[in-house]
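Student: Handing you a structure now.
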Amino acid sequence: MSRIVYVNGEYVPEEDAKISVFDRGFLFADAVYEVSSVINGKLIDNEGHMGRLKRSMDELEMPHPATSEEIETIQKTLIDKNDVVEGLVYLQVSRGSQDRDFVYPENTKPSLVMFTQKKNLLESPQAKVGITVITSPDIRWQRRDIKTVSLLAASMAKMQAKAAGADDAWLVENGFVTEGSSNNAYIVTQEGTVVTRHLGNEILAGITRKSALRLAEEEGIKIEERSFTVDEALAAAEAFVTSATTFVTPVVAIDGQKIGDGTPGPIAKKLRAIYIDEATKA
């Protein structure tokens, strides 16, 4: 039995899901998206994802297809229809369909699409051994704080990493790490301070990032939100990334050089454990 997906008011089998060739998400990447994780059949940190979705649409002057409450109802319905115990719900909003023109069309109806994916999140093999990353120039546009579907540069960075035998890429601009190709990046100094890039147009304000920093603060871990260089990262005691579907995942090597002793560090492991503990109790 195929998945049931949601397309503009209808729940349909995935093979019957259709979007117009004139959809601006298809023609211009004029669309935004969110990914919410699911644990034990429940959405995790979803309020934050809904808030960021609204912000992304507002930053692009995009009409809203539904309220946050209506969107969450659809998410939960898809989780039930597809029997998702652990995995994710992807949602995408485009400006809608109209004949091709660079200028934003007026009075178009925005398009809302959602689907689920079953995925093992809690017992991730990568989280147990850590991931390796390479550094790559950050060639993306200057509004990375808006979560758009324009992900070609991120895909290219992922492919660079794959070609180099690594798991992911950390993006670098003017000598400083911005973020991972699909996650926020962190280092832990030799003194035990967690350092991650400050918020701004240069990075996405991660929902898991916000939760991880709150949990770190509650644990009495010192935090610095500032830029850090690749050299600082290479000299760090440990490193890790956060995202909605990887939670907190250790980084054990950068550009082929071990970070710390080359195994997942204690702070990354602790933050992952307490994040999962809080999420599974929700």
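A note on labels: chains of the structure tokens are A, B, ... as shown, every chain counts residues from 1, and ligands are counted from 1 in their shown order.
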Using DSSP secondary structure from the backbone, list all helix (DSSP H, G or I) positions within segment 155-204 of chain A, as a PyMOL selection string.

Tutor: chain A and resi 155-163

Student: Restricting it to C-alpha atoms, dump the selection as a PDB file, in the first residue's frame.

Tutor:
```pdb
ATOM      1  CA  SER A 155      23.033  19.303  -2.489  1.00  0.00           C
ATOM      2  CA  MET A 156      26.289  20.184  -4.252  1.00  0.00           C
ATOM      3  CA  ALA A 157      28.044  20.419  -0.875  1.00  0.00           C
ATOM      4  CA  LYS A 158      26.622  17.011   0.113  1.00  0.00           C
ATOM      5  CA  MET A 159      27.946  15.549  -3.128  1.00  0.00           C
ATOM      6  CA  GLN A 160      31.385  17.092  -2.502  1.00  0.00           C
ATOM      7  CA  ALA A 161      31.398  15.403   0.875  1.00  0.00           C
ATOM      8  CA  LYS A 162      30.343  12.081  -0.603  1.00  0.00           C
ATOM      9  CA  ALA A 163      33.086  12.283  -3.247  1.00  0.00           C
TER      10      ALA A 163
END
```

Student: Using only C-alpha atoms, determine which residues lie at most 12 Å from Glu219 of chain A, disregarding the query and same-chain residues fewer than 4 positions distant; provide the list as a PyMOL selection string.

Tutor: chain A and resi 194+212-215+223+267+270-271+274-275

Student: I'd like the contact shell of segment 19-36 of chain A - 6 Å cut-off, only C-alpha atoms, skipping same-chain residues fewer than 2 positions apart - returned as a list of chain:residue names.

Tutor: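 In the requested form, the answer reads A:Leu88, A:Val89, A:Tyr90, A:Leu91, A:Gln92, A:Val93, A:Ser94, A:Gly96, A:Ser97, A:Gln98, A:Lys147, A:Thr148, A:Val149, A:Ser150.
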
Student: Using the chain letters and numbers from this document, which residues of segment 38-127 of chain A does DSSP assign to strand (DSSP E), as a list in words?

Tutor: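 DSSP-assigned strand (DSSP E) residues in segment 38-127 of chain A: Val38, Ile39, Lys42, Leu43, Glu86, Gly87, Leu88, Val89, Tyr90, Leu91, Gln92, Val93, Ser94, Ser111, Leu112, Val113, Met114, Phe115, Thr116, Gln117 and Lys118 of chain A.
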
Student: Neighbours of Gln257 of chain A within 10 Å (only C-alpha atoms; same-chain residues fewer than 2 positions away dropped), as a ChimeraX atom specification?

Tutor: /A:132-134,234-235,252-255,259-260,262
